[in-house]
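*Asks:* Here's a structure for you.
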Amino acid sequence: MRSRRPELAVALLRHGYGYSDGLRERIGVGGATEAPSLPVRLLGSPALLVAGPVGVEAFTDVSRVRRHGATPGVVANVLFGHGAVHALDDEAHRVRKQLFVEVLDADGVARLVRSVCDGWEHLIERAVAGTTMSVEETSARVIGHAALDWAGIEVPTPVGDRVIRWWAEEVDGFGVVGPAYPRARRARRRSDAWARDRILDVRGLRSYPRDGSLLDRAARWRDERGAVLPLETAAVDLQNGMRPAMATSRFVAFAAHRLWEQPSWRDRVAAEIAAGASDLASARFGPVVTAVAREVRRVSPFVPLLAARSRRAQEILGHRVAENDPVLLDVVGTLRDPQTWPEPRRFDPGRFLSGGPAIGGADALIPQGGGSVVAGHRCPGEDPVLGILSAGVVATTMLGEAGVPRPRIDERRLPARPPAVELHVGTLMRSAS
C-alpha cells in the first residue's frame, strides 16, 4: 500500500520557508520539540525530516548519517562548488575542514571582523549627508573587500567589485526556479576561474600572500592522503572561506528592515552606540547589538533545510530508515519552534537579553547548522558572521535613517531576498569613544 507521507518538494515549492508549518498543519502535529521527526517523501522516495535539538543531535551524528551525495548537485555546485568540503565525510572531511578551523581561529575571526569594521569606518568618514545608499549593495562591497584583504588577496577595487558581484549572484540564485539560477551558474564559472588564477599565482611563485592567510593555506593545503589539493578544489575552498562573509550583507539588510519596522529597537541600538558600548573603532559590540544580530539570524534563515543520508538501515527518532534514505534537518522548523522560541514569528531581540539561547542550547539556534564545529559539519564561520553582522547593525544605524520602498518579504523564494532597504544619510552619529 502506498505511503501517505507528504511530498517535501511540493511543500517547498508551495510554501518556501513556510514549508515546515504547512507540513505540520497538514499532518496535525505540533512544533519541532513536540514532533522532532516526520516521515516524508522527497521526489517520491521515503525520507525523514528531523527538527529541534533532538533532531539536530540525530542529524549531526556522523556515525549514523553521511553528507556525500545528499545535497543535489544543481544546488551544491553553485552555492558551495564542486568537490566542496560540505559533501565529504570521515577523515577526508576532518582534514579538509581543518583548513577553515585554523584560518578562523580566535585571532583569524578577530582580524576579519576588524577588517570589516575598518571598511565601515572608512565609508562613514566619506559619507555625504543627503545621499542615499542601498544597504545590501553597500554592505556587500564593504564586507567583500574586507574579506579579500583578510584572505591575503590584493586586487584593484574594480576587480574586487566584480568578484563580489559574482558571489552575490551565486548567493541570490542558487535555489531559485527562474532567471536568477542561470545567472548564478554563470557567476560561479567566472568566480571559479578567477580563484583558480589566484591559486596558480601562489603555486607558480608569482604571488606571495601573507603567511597563514586563507590564500596561503588554500594553495598549499593537503588532503587526507598527503597530496596537494587539485587546483579546482583549492579554488573552491578559497572562495568558501570568503563568500559566506560577503553573504552576511543580506543579513545586514534584513537587520535594517527589522529596525525600520521596530524603531524602539533602533533607538536602543543608537543609545548603545552613543554610550560607547558598541563601537566600530574597537570592534566592540554591546548586548543590545549582539542580541539584534542573533535574532536577525534566527528570523531570517538562509537555507530552509540541510540534507544527509542514512549510513545504514536503522531507527532514527522512532522511525525506520533504509540505507541511503535522505535524512533532512528542518532548519526553519527548529528556528520557529514555539516551545523553544515563544511567539517565534515575532522579532524580539529581548529573548537574547534574557537567556533565550539557553532554553534549547546551541542546537536550538542553527542558521548555520548544528553539532560540533571540529568533529561535525557545523559551520566554523558562525562567530565571524555574528561579528560582521553586529558591525553592519552599528554602521547602518550610525549612517542614517532606513527607508523600505518594498517592505514585503517573499518567503516562497529560496533563498529569500531582503527588502530593498535604502539608507538616507543624515547627521552622522558618533560614539562616546
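Scheme for the C-alpha cells: letters A, B, ... for chains in order shown; per-chain residue numbers from 1; ligand numbers from 1 in order shown.
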Could you list, as number ranges by chain, every residue within 10 Å of Leu386 in chain A, counting only C-alpha atoms and ignoring same-chain residues fewer than 5 positions away?
*Replies:* A: 113, 245, 248, 251, 290-291, 293-294, 296-297, 381, 391-392
*Asks:* Would you mind exporting the chosen residues as a PDB file, in the first residue's frame, restricted to all heavy atoms?
*Replies:*
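Output saved as result_24.pdb:
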ATOM      1  N   VAL A 113      36.796  40.465  11.471  1.00  0.00           N
ATOM      2  CA  VAL A 113      35.825  41.444  11.967  1.00  0.00           C
ATOM      3  C   VAL A 113      36.447  42.827  12.032  1.00  0.00           C
ATOM      4  O   VAL A 113      35.807  43.831  11.688  1.00  0.00           O
ATOM      5  CB  VAL A 113      35.279  41.010  13.341  1.00  0.00           C
ATOM      6  CG1 VAL A 113      34.350  42.071  13.915  1.00  0.00           C
ATOM      7  CG2 VAL A 113      34.531  39.682  13.220  1.00  0.00           C
ATOM      8  N   ALA A 245      31.214  35.324   4.235  1.00  0.00           N
ATOM      9  CA  ALA A 245      31.342  36.620   4.906  1.00  0.00           C
ATOM     10  C   ALA A 245      30.599  37.684   4.111  1.00  0.00           C
ATOM     11  O   ALA A 245      29.821  38.477   4.661  1.00  0.00           O
ATOM     12  CB  ALA A 245      32.821  36.992   5.059  1.00  0.00           C
ATOM     13  N   THR A 248      26.841  37.809   4.364  1.00  0.00           N
ATOM     14  CA  THR A 248      26.265  38.422   5.567  1.00  0.00           C
ATOM     15  C   THR A 248      25.605  39.753   5.240  1.00  0.00           C
ATOM     16  O   THR A 248      24.770  40.242   6.019  1.00  0.00           O
ATOM     17  CB  THR A 248      27.353  38.603   6.649  1.00  0.00           C
ATOM     18  OG1 THR A 248      28.018  37.350   6.848  1.00  0.00           O
ATOM     19  CG2 THR A 248      26.768  39.055   7.975  1.00  0.00           C
ATOM     20  N   PHE A 251      21.991  39.586   5.611  1.00  0.00           N
ATOM     21  CA  PHE A 251      21.517  39.709   6.985  1.00  0.00           C
ATOM     22  C   PHE A 251      21.541  41.167   7.444  1.00  0.00           C
ATOM     23  O   PHE A 251      20.679  41.590   8.216  1.00  0.00           O
ATOM     24  CB  PHE A 251      22.371  38.854   7.920  1.00  0.00           C
ATOM     25  CG  PHE A 251      22.108  37.382   7.842  1.00  0.00           C
ATOM     26  CD1 PHE A 251      23.115  36.496   7.536  1.00  0.00           C
ATOM     27  CD2 PHE A 251      20.834  36.883   8.081  1.00  0.00           C
ATOM     28  CE1 PHE A 251      22.878  35.135   7.472  1.00  0.00           C
ATOM     29  CE2 PHE A 251      20.576  35.526   8.020  1.00  0.00           C
ATOM     30  CZ  PHE A 251      21.609  34.646   7.707  1.00  0.00           C
ATOM     31  N   THR A 290      24.385  42.811  19.857  1.00  0.00           N
ATOM     32  CA  THR A 290      24.584  41.374  19.699  1.00  0.00           C
ATOM     33  C   THR A 290      23.255  40.634  19.693  1.00  0.00           C
ATOM     34  O   THR A 290      23.040  39.694  18.911  1.00  0.00           O
ATOM     35  CB  THR A 290      25.485  40.836  20.817  1.00  0.00           C
ATOM     36  OG1 THR A 290      26.739  41.537  20.794  1.00  0.00           O
ATOM     37  CG2 THR A 290      25.749  39.352  20.635  1.00  0.00           C
ATOM     38  N   ALA A 291      22.329  41.051  20.557  1.00  0.00           N
ATOM     39  CA  ALA A 291      21.004  40.415  20.592  1.00  0.00           C
ATOM     40  C   ALA A 291      20.250  40.645  19.288  1.00  0.00           C
ATOM     41  O   ALA A 291      19.581  39.736  18.778  1.00  0.00           O
ATOM     42  CB  ALA A 291      20.203  40.955  21.779  1.00  0.00           C
ATOM     43  N   ALA A 293      21.605  41.090  16.347  1.00  0.00           N
ATOM     44  CA  ALA A 293      22.238  40.247  15.341  1.00  0.00           C
ATOM     45  C   ALA A 293      21.801  38.790  15.481  1.00  0.00           C
ATOM     46  O   ALA A 293      21.511  38.111  14.487  1.00  0.00           O
ATOM     47  CB  ALA A 293      23.759  40.353  15.456  1.00  0.00           C
ATOM     48  N   ARG A 294      21.731  38.287  16.698  1.00  0.00           N
ATOM     49  CA  ARG A 294      21.309  36.899  16.901  1.00  0.00           C
ATOM     50  C   ARG A 294      19.858  36.691  16.462  1.00  0.00           C
ATOM     51  O   ARG A 294      19.528  35.686  15.821  1.00  0.00           O
ATOM     52  CB  ARG A 294      21.466  36.521  18.384  1.00  0.00           C
ATOM     53  CG  ARG A 294      22.901  36.399  18.840  1.00  0.00           C
ATOM     54  CD  ARG A 294      22.975  35.873  20.269  1.00  0.00           C
ATOM     55  NE  ARG A 294      24.331  35.836  20.775  1.00  0.00           N
ATOM     56  CZ  ARG A 294      25.200  34.864  20.546  1.00  0.00           C
ATOM     57  NH1 ARG A 294      24.844  33.836  19.789  1.00  0.00           N
ATOM     58  NH2 ARG A 294      26.411  34.898  21.051  1.00  0.00           N
ATOM     59  N   VAL A 296      18.163  38.447  14.265  1.00  0.00           N
ATOM     60  CA  VAL A 296      18.076  38.539  12.806  1.00  0.00           C
ATOM     61  C   VAL A 296      18.445  37.202  12.184  1.00  0.00           C
ATOM     62  O   VAL A 296      17.785  36.727  11.246  1.00  0.00           O
ATOM     63  CB  VAL A 296      18.986  39.666  12.275  1.00  0.00           C
ATOM     64  CG1 VAL A 296      19.157  39.559  10.762  1.00  0.00           C
ATOM     65  CG2 VAL A 296      18.405  41.024  12.631  1.00  0.00           C
ATOM     66  N   ARG A 297      19.487  36.563  12.686  1.00  0.00           N
ATOM     67  CA  ARG A 297      19.879  35.261  12.153  1.00  0.00           C
ATOM     68  C   ARG A 297      18.800  34.211  12.404  1.00  0.00           C
ATOM     69  O   ARG A 297      18.614  33.301  11.597  1.00  0.00           O
ATOM     70  CB  ARG A 297      21.211  34.809  12.774  1.00  0.00           C
ATOM     71  CG  ARG A 297      22.391  35.658  12.354  1.00  0.00           C
ATOM     72  CD  ARG A 297      23.664  35.252  13.076  1.00  0.00           C
ATOM     73  NE  ARG A 297      24.084  33.912  12.683  1.00  0.00           N
ATOM     74  CZ  ARG A 297      24.256  32.904  13.531  1.00  0.00           C
ATOM     75  NH1 ARG A 297      24.012  33.073  14.830  1.00  0.00           N
ATOM     76  NH2 ARG A 297      24.660  31.729  13.093  1.00  0.00           N
ATOM     77  N   GLY A 381      32.226  29.375  10.422  1.00  0.00           N
ATOM     78  CA  GLY A 381      32.088  30.810  10.195  1.00  0.00           C
ATOM     79  C   GLY A 381      31.021  31.470  11.048  1.00  0.00           C
ATOM     80  O   GLY A 381      30.706  32.647  10.842  1.00  0.00           O
ATOM     81  N   ALA A 391      28.666  44.473  13.297  1.00  0.00           N
ATOM     82  CA  ALA A 391      29.303  45.676  12.748  1.00  0.00           C
ATOM     83  C   ALA A 391      28.374  46.372  11.763  1.00  0.00           C
ATOM     84  O   ALA A 391      28.283  47.609  11.733  1.00  0.00           O
ATOM     85  CB  ALA A 391      30.612  45.304  12.060  1.00  0.00           C
ATOM     86  N   GLY A 392      27.656  45.589  10.946  1.00  0.00           N
ATOM     87  CA  GLY A 392      26.717  46.181   9.997  1.00  0.00           C
ATOM     88  C   GLY A 392      25.561  46.862  10.680  1.00  0.00           C
ATOM     89  O   GLY A 392      25.097  47.928  10.231  1.00  0.00           O
TER      90      GLY A 392
END
*Asks:* Please identify which residues in range 192-416 of chain A DSSP calls strand (DSSP E) from the backbone, and express them as a PyMOL selection string.
*Replies:* chain A and resi 305-310+314-316+319-321+326-330+400-403
*Asks:* Include all heavy atoms and write out the residues we just selected as a compact mmCIF listing (two decimals), in the first residue's frame.
*Replies:*
# COMPACT_ATOMS: atom_id res chain seq x y z
N LEU A 305 16.54 23.96 4.89
CA LEU A 305 16.85 22.65 5.47
C LEU A 305 18.25 22.23 5.03
O LEU A 305 18.84 22.81 4.12
CB LEU A 305 15.81 21.60 5.05
CG LEU A 305 15.49 21.42 3.57
CD1 LEU A 305 16.53 20.56 2.86
CD2 LEU A 305 14.13 20.77 3.41
N LEU A 306 18.78 21.21 5.70
CA LEU A 306 20.07 20.63 5.35
C LEU A 306 19.86 19.13 5.11
O LEU A 306 18.95 18.52 5.68
CB LEU A 306 21.08 20.83 6.47
CG LEU A 306 21.48 22.29 6.75
CD1 LEU A 306 22.30 22.40 8.03
CD2 LEU A 306 22.25 22.88 5.58
N ALA A 307 20.72 18.55 4.27
CA ALA A 307 20.49 17.18 3.83
C ALA A 307 21.65 16.26 4.20
O ALA A 307 22.82 16.64 4.14
CB ALA A 307 20.27 17.14 2.31
N ALA A 308 21.30 15.03 4.57
CA ALA A 308 22.26 13.95 4.78
C ALA A 308 21.60 12.67 4.30
O ALA A 308 20.45 12.67 3.85
CB ALA A 308 22.64 13.86 6.26
N ARG A 309 22.33 11.55 4.39
CA ARG A 309 21.78 10.25 4.05
C ARG A 309 22.14 9.24 5.13
O ARG A 309 23.21 9.31 5.72
CB ARG A 309 22.31 9.76 2.68
CG ARG A 309 21.72 10.53 1.50
CD ARG A 309 22.11 9.91 0.18
NE ARG A 309 21.54 10.63 -0.94
CZ ARG A 309 20.33 10.41 -1.45
NH1 ARG A 309 19.57 9.45 -0.92
NH2 ARG A 309 19.88 11.10 -2.47
N SER A 310 21.24 8.32 5.36
CA SER A 310 21.46 7.30 6.38
C SER A 310 22.58 6.36 5.95
O SER A 310 22.60 5.87 4.81
CB SER A 310 20.17 6.51 6.61
OG SER A 310 20.39 5.49 7.56
N GLN A 314 18.33 1.58 9.87
CA GLN A 314 18.34 1.84 11.31
C GLN A 314 17.05 2.55 11.71
O GLN A 314 16.24 2.94 10.87
CB GLN A 314 19.54 2.71 11.68
CG GLN A 314 19.56 4.06 10.96
CD GLN A 314 20.80 4.88 11.26
OE1 GLN A 314 21.14 5.08 12.42
NE2 GLN A 314 21.48 5.35 10.21
N GLU A 315 16.89 2.74 13.01
CA GLU A 315 15.78 3.52 13.53
C GLU A 315 16.31 4.86 14.01
O GLU A 315 17.27 4.94 14.76
CB GLU A 315 15.10 2.79 14.69
CG GLU A 315 13.87 3.51 15.22
CD GLU A 315 13.15 2.71 16.28
OE1 GLU A 315 12.54 1.68 15.93
OE2 GLU A 315 13.21 3.12 17.46
N ILE A 316 15.67 5.93 13.55
CA ILE A 316 16.04 7.28 13.96
C ILE A 316 14.81 7.96 14.53
O ILE A 316 13.81 8.13 13.82
CB ILE A 316 16.62 8.10 12.79
CG1 ILE A 316 17.92 7.46 12.28
CG2 ILE A 316 16.87 9.55 13.21
CD1 ILE A 316 18.56 8.20 11.11
N HIS A 319 11.55 6.09 13.91
CA HIS A 319 11.14 5.76 12.55
C HIS A 319 12.23 4.95 11.87
O HIS A 319 13.42 5.27 11.99
CB HIS A 319 10.83 7.02 11.74
CG HIS A 319 9.71 7.83 12.28
ND1 HIS A 319 8.39 7.51 12.08
CD2 HIS A 319 9.72 8.96 13.04
CE1 HIS A 319 7.62 8.40 12.69
NE2 HIS A 319 8.40 9.30 13.27
N ARG A 320 11.83 3.93 11.14
CA ARG A 320 12.78 3.13 10.40
C ARG A 320 13.19 3.84 9.11
O ARG A 320 12.34 4.39 8.39
CB ARG A 320 12.17 1.77 10.04
CG ARG A 320 11.89 0.86 11.21
CD ARG A 320 13.17 0.44 11.92
NE ARG A 320 14.08 -0.31 11.07
CZ ARG A 320 15.30 -0.71 11.43
NH1 ARG A 320 15.74 -0.44 12.66
NH2 ARG A 320 16.08 -1.38 10.60
N VAL A 321 14.48 3.86 8.85
CA VAL A 321 15.01 4.41 7.60
C VAL A 321 15.91 3.35 6.98
O VAL A 321 16.60 2.61 7.69
CB VAL A 321 15.78 5.72 7.81
CG1 VAL A 321 14.86 6.83 8.28
CG2 VAL A 321 16.93 5.54 8.79
N PRO A 326 17.30 9.69 2.52
CA PRO A 326 17.58 11.05 2.96
C PRO A 326 17.13 11.30 4.40
O PRO A 326 16.03 10.88 4.79
CB PRO A 326 16.79 11.93 1.98
CG PRO A 326 16.58 11.07 0.78
CD PRO A 326 16.43 9.67 1.32
N VAL A 327 17.99 11.93 5.17
CA VAL A 327 17.65 12.42 6.50
C VAL A 327 17.86 13.93 6.44
O VAL A 327 18.96 14.40 6.16
CB VAL A 327 18.54 11.79 7.59
CG1 VAL A 327 18.16 12.35 8.96
CG2 VAL A 327 18.42 10.28 7.57
N LEU A 328 16.79 14.68 6.66
CA LEU A 328 16.79 16.13 6.40
C LEU A 328 16.56 16.89 7.69
O LEU A 328 15.65 16.57 8.46
CB LEU A 328 15.69 16.46 5.39
CG LEU A 328 15.72 15.60 4.11
CD1 LEU A 328 14.40 15.65 3.40
CD2 LEU A 328 16.84 16.05 3.19
N LEU A 329 17.38 17.90 7.91
CA LEU A 329 17.25 18.74 9.11
C LEU A 329 16.36 19.93 8.80
O LEU A 329 16.67 20.74 7.92
CB LEU A 329 18.61 19.21 9.59
CG LEU A 329 18.61 20.12 10.82
CD1 LEU A 329 17.97 19.44 12.02
CD2 LEU A 329 20.02 20.59 11.15
N ASP A 330 15.28 20.04 9.53
CA ASP A 330 14.31 21.13 9.37
C ASP A 330 14.85 22.38 10.08
O ASP A 330 14.57 22.62 11.25
CB ASP A 330 12.97 20.70 9.96
CG ASP A 330 11.87 21.72 9.77
OD1 ASP A 330 12.15 22.80 9.21
OD2 ASP A 330 10.73 21.45 10.17
N GLY A 400 22.41 56.66 9.16
CA GLY A 400 21.18 57.45 8.96
C GLY A 400 19.93 56.61 9.11
O GLY A 400 19.95 55.49 9.61
N GLU A 401 18.83 57.16 8.64
CA GLU A 401 17.53 56.51 8.73
C GLU A 401 17.32 55.58 7.54
O GLU A 401 17.72 55.88 6.42
CB GLU A 401 16.41 57.55 8.75
CG GLU A 401 16.43 58.45 9.98
CD GLU A 401 15.99 57.72 11.24
OE1 GLU A 401 15.34 56.66 11.10
OE2 GLU A 401 16.28 58.20 12.35
N ALA A 402 16.67 54.45 7.79
CA ALA A 402 16.38 53.50 6.73
C ALA A 402 15.00 53.76 6.15
O ALA A 402 14.08 54.18 6.85
CB ALA A 402 16.46 52.06 7.26
N GLY A 403 14.88 53.51 4.87
CA GLY A 403 13.60 53.53 4.19
C GLY A 403 13.43 52.24 3.43
O GLY A 403 14.39 51.69 2.89
*Asks:* Name the residues in contact with Gly371 in chain A at a cut-off of 7 Å, using only C-alpha atoms, excluding same-chain residues fewer than 5 positions from it; report them as a list in words.
*Replies:* Val56, Glu57, Thr60, Asp363, Gly376 and Arg378 of chain A
*Asks:* List every residue of range 220-412 of chain A that DSSP, applied to the backbone, labels as alpha helix (DSSP H), and write the result as an MDAnalysis selection string.
*Replies:* chainID A and resid 220 231:240 243:261 263:274 287:299 331:335 356:360 382:399
*Asks:* Go ahead and write the residues just picked, C-alpha atoms, as an mmCIF file, in the first residue's frame.
*Replies:*
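Writing the result to part-v1.cif gives the following:
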data_model
loop_
_atom_site.group_PDB
_atom_site.id
_atom_site.type_symbol
_atom_site.label_atom_id
_atom_site.label_comp_id
_atom_site.auth_asym_id
_atom_site.auth_seq_id
_atom_site.Cartn_x
_atom_site.Cartn_y
_atom_site.Cartn_z
ATOM 1 C CA ARG A 220 49.305 24.658 -0.069
ATOM 2 C CA LEU A 231 43.607 23.247 -8.478
ATOM 3 C CA GLU A 232 39.808 23.275 -8.795
ATOM 4 C CA THR A 233 39.341 22.087 -5.208
ATOM 5 C CA ALA A 234 41.760 24.651 -3.780
ATOM 6 C CA ALA A 235 39.905 27.390 -5.693
ATOM 7 C CA VAL A 236 36.581 26.204 -4.253
ATOM 8 C CA ASP A 237 37.979 26.224 -0.704
ATOM 9 C CA LEU A 238 39.448 29.688 -1.208
ATOM 10 C CA GLN A 239 36.038 31.072 -2.125
ATOM 11 C CA ASN A 240 34.216 29.172 0.607
ATOM 12 C CA ARG A 243 31.861 34.212 0.137
ATOM 13 C CA PRO A 244 29.920 33.459 3.347
ATOM 14 C CA ALA A 245 31.342 36.620 4.906
ATOM 15 C CA MET A 246 30.129 38.672 1.929
ATOM 16 C CA ALA A 247 26.742 36.932 2.091
ATOM 17 C CA THR A 248 26.265 38.422 5.567
ATOM 18 C CA SER A 249 25.312 41.602 3.679
ATOM 19 C CA ARG A 250 21.886 40.012 3.212
ATOM 20 C CA PHE A 251 21.517 39.709 6.985
ATOM 21 C CA VAL A 252 22.591 43.356 7.355
ATOM 22 C CA ALA A 253 19.756 44.335 5.010
ATOM 23 C CA PHE A 254 17.295 42.155 6.937
ATOM 24 C CA ALA A 255 18.510 43.801 10.160
ATOM 25 C CA ALA A 256 17.955 47.307 8.759
ATOM 26 C CA HIS A 257 14.467 46.239 7.689
ATOM 27 C CA ARG A 258 13.631 44.882 11.155
ATOM 28 C CA LEU A 259 14.912 48.013 12.881
ATOM 29 C CA TRP A 260 12.876 50.122 10.442
ATOM 30 C CA GLU A 261 9.804 48.103 11.423
ATOM 31 C CA PRO A 263 12.161 51.827 15.776
ATOM 32 C CA SER A 264 12.240 51.230 19.541
ATOM 33 C CA TRP A 265 14.976 48.644 18.977
ATOM 34 C CA ARG A 266 16.818 51.010 16.665
ATOM 35 C CA ASP A 267 16.708 53.592 19.452
ATOM 36 C CA ARG A 268 18.208 51.057 21.847
ATOM 37 C CA VAL A 269 20.982 50.283 19.366
ATOM 38 C CA ALA A 270 21.641 54.011 18.919
ATOM 39 C CA ALA A 271 21.804 54.509 22.676
ATOM 40 C CA GLU A 272 24.346 51.711 22.999
ATOM 41 C CA ILE A 273 26.476 53.300 20.270
ATOM 42 C CA ALA A 274 26.237 56.743 21.877
ATOM 43 C CA PRO A 287 24.498 43.216 24.461
ATOM 44 C CA VAL A 288 21.746 45.027 22.538
ATOM 45 C CA VAL A 289 23.576 44.998 19.191
ATOM 46 C CA THR A 290 24.584 41.374 19.699
ATOM 47 C CA ALA A 291 21.004 40.415 20.592
ATOM 48 C CA VAL A 292 19.700 42.136 17.452
ATOM 49 C CA ALA A 293 22.238 40.247 15.341
ATOM 50 C CA ARG A 294 21.309 36.899 16.901
ATOM 51 C CA GLU A 295 17.595 37.471 16.439
ATOM 52 C CA VAL A 296 18.076 38.539 12.806
ATOM 53 C CA ARG A 297 19.879 35.261 12.153
ATOM 54 C CA ARG A 298 17.027 33.365 13.801
ATOM 55 C CA VAL A 299 14.135 35.005 11.944
ATOM 56 C CA VAL A 331 16.269 24.359 9.959
ATOM 57 C CA VAL A 332 13.271 26.679 9.713
ATOM 58 C CA GLY A 333 11.080 24.496 11.910
ATOM 59 C CA THR A 334 13.793 24.420 14.574
ATOM 60 C CA LEU A 335 14.221 28.199 14.486
ATOM 61 C CA GLY A 356 16.851 32.809 25.200
ATOM 62 C CA PRO A 357 19.629 30.661 23.706
ATOM 63 C CA ALA A 358 19.977 28.691 26.945
ATOM 64 C CA ILE A 359 16.439 27.357 26.530
ATOM 65 C CA GLY A 360 17.440 24.896 23.852
ATOM 66 C CA GLU A 382 29.370 31.299 12.812
ATOM 67 C CA ASP A 383 31.429 33.583 15.070
ATOM 68 C CA PRO A 384 32.671 35.842 12.250
ATOM 69 C CA VAL A 385 29.141 36.105 10.805
ATOM 70 C CA LEU A 386 27.848 37.290 14.185
ATOM 71 C CA GLY A 387 30.653 39.860 14.442
ATOM 72 C CA ILE A 388 30.267 41.040 10.842
ATOM 73 C CA LEU A 389 26.507 41.360 11.225
ATOM 74 C CA SER A 390 26.919 43.269 14.501
ATOM 75 C CA ALA A 391 29.303 45.676 12.748
ATOM 76 C CA GLY A 392 26.717 46.181 9.997
ATOM 77 C CA VAL A 393 23.982 46.924 12.546
ATOM 78 C CA VAL A 394 26.194 49.560 14.175
ATOM 79 C CA ALA A 395 27.363 51.118 10.899
ATOM 80 C CA THR A 396 23.951 51.359 9.251
ATOM 81 C CA THR A 397 22.482 52.875 12.425
ATOM 82 C CA MET A 398 25.272 55.452 12.513
ATOM 83 C CA LEU A 399 24.809 56.376 8.859
#
*Asks:* With only C-alpha atoms counted and 12 Å as the cut-off, give the residues of range 129-168 of chain A in contact with range 74-86 of chain A, each with its shortest interatomic distance in Å and the pair that gives it, as JSON lines.
*Replies:*
{"residue": "A:Trp166", "atom": "CA", "partner": "A:Val78", "partner_atom": "CA", "distance": 11.1}
{"residue": "A:Trp167", "atom": "CA", "partner": "A:Leu79", "partner_atom": "CA", "distance": 9.1}
{"residue": "A:Ala168", "atom": "CA", "partner": "A:Leu79", "partner_atom": "CA", "distance": 10.5}
*Asks:* Enter the distance from CA of Ser134 in chain A to CA of Ala420 in chain A, in Å, rounded to one decimal.
*Replies:* 7.2 Å
*Asks:* In Å to one decimal, how far is CA of Leu112 in chain A from CA of Ile143 in chain A?
*Replies:*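 Taking CA of Ile143 in chain A as the start and CA of Leu112 in chain A as the end point, the length is 9.3 Å.
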*Asks:* Counting only C-alpha atoms, what is within 12 Å of Gly119 in chain A, bar same-chain residues fewer than 2 positions away, as a PyMOL selection string?
*Replies:* chain A and resi 112-117+121-126+138-150+280-281+283+388+391-392+395
*Asks:* What gap, in Å, lies between CA of Glu7 in chain A and CA of Arg345 in chain A?
*Replies:*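 Computing it gives 24.5 Å between the two atoms.
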*Asks:* Using only C-alpha atoms, pick whichever of A:Val101, A:Ile153, A:Leu423, A:Ala416 has the shortest atom-to-atom distance to Gly173 in chain A.
*Replies:*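 For Gly173 in chain A, the nearest of the given residues is A:Ala416.
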*Asks:* Taking 2 positions as the minimum chain separation for residues in the same chain, which residues sit within 6 Å of range 186-200 of chain A when counting only C-alpha atoms? Answer as a JSON list (two decimals) with N, CA, C and O atoms, in the first residue's frame.
*Replies:*
[["chain", "number", "residue", "atom", "x", "y", "z"],
["A", 166, "TRP", "N", 29.84, 38.67, -8.53],
["A", 166, "TRP", "CA", 29.67, 37.25, -8.86],
["A", 166, "TRP", "C", 29.20, 36.48, -7.63],
["A", 166, "TRP", "O", 28.27, 35.68, -7.72],
["A", 183, "ARG", "N", 21.92, 32.91, -13.98],
["A", 183, "ARG", "CA", 22.89, 33.97, -13.65],
["A", 183, "ARG", "C", 23.87, 33.47, -12.60],
["A", 183, "ARG", "O", 25.06, 33.76, -12.66],
["A", 184, "ALA", "N", 23.34, 32.73, -11.63],
["A", 184, "ALA", "CA", 24.21, 32.20, -10.57],
["A", 184, "ALA", "C", 25.22, 31.21, -11.14],
["A", 184, "ALA", "O", 26.39, 31.20, -10.73],
["A", 202, "VAL", "N", 50.09, 31.70, -6.67],
["A", 202, "VAL", "CA", 50.86, 31.31, -5.48],
["A", 202, "VAL", "C", 51.73, 30.10, -5.78],
["A", 202, "VAL", "O", 52.93, 30.08, -5.46],
["A", 203, "ARG", "N", 51.15, 29.11, -6.41],
["A", 203, "ARG", "CA", 51.92, 27.90, -6.71],
["A", 203, "ARG", "C", 53.01, 28.15, -7.73],
["A", 203, "ARG", "O", 54.05, 27.47, -7.72],
["A", 204, "GLY", "N", 52.81, 29.14, -8.60],
["A", 204, "GLY", "CA", 53.83, 29.48, -9.59],
["A", 204, "GLY", "C", 54.81, 30.54, -9.10],
["A", 204, "GLY", "O", 55.61, 31.06, -9.89],
["A", 219, "ALA", "N", 46.26, 27.37, -1.09],
["A", 219, "ALA", "CA", 47.16, 26.99, -2.18],
["A", 219, "ALA", "C", 48.06, 25.82, -1.80],
["A", 219, "ALA", "O", 48.50, 25.05, -2.67],
["A", 235, "ALA", "N", 40.63, 26.17, -5.33],
["A", 235, "ALA", "CA", 39.90, 27.39, -5.69],
["A", 235, "ALA", "C", 38.53, 27.43, -5.03],
["A", 235, "ALA", "O", 38.07, 28.49, -4.60]]
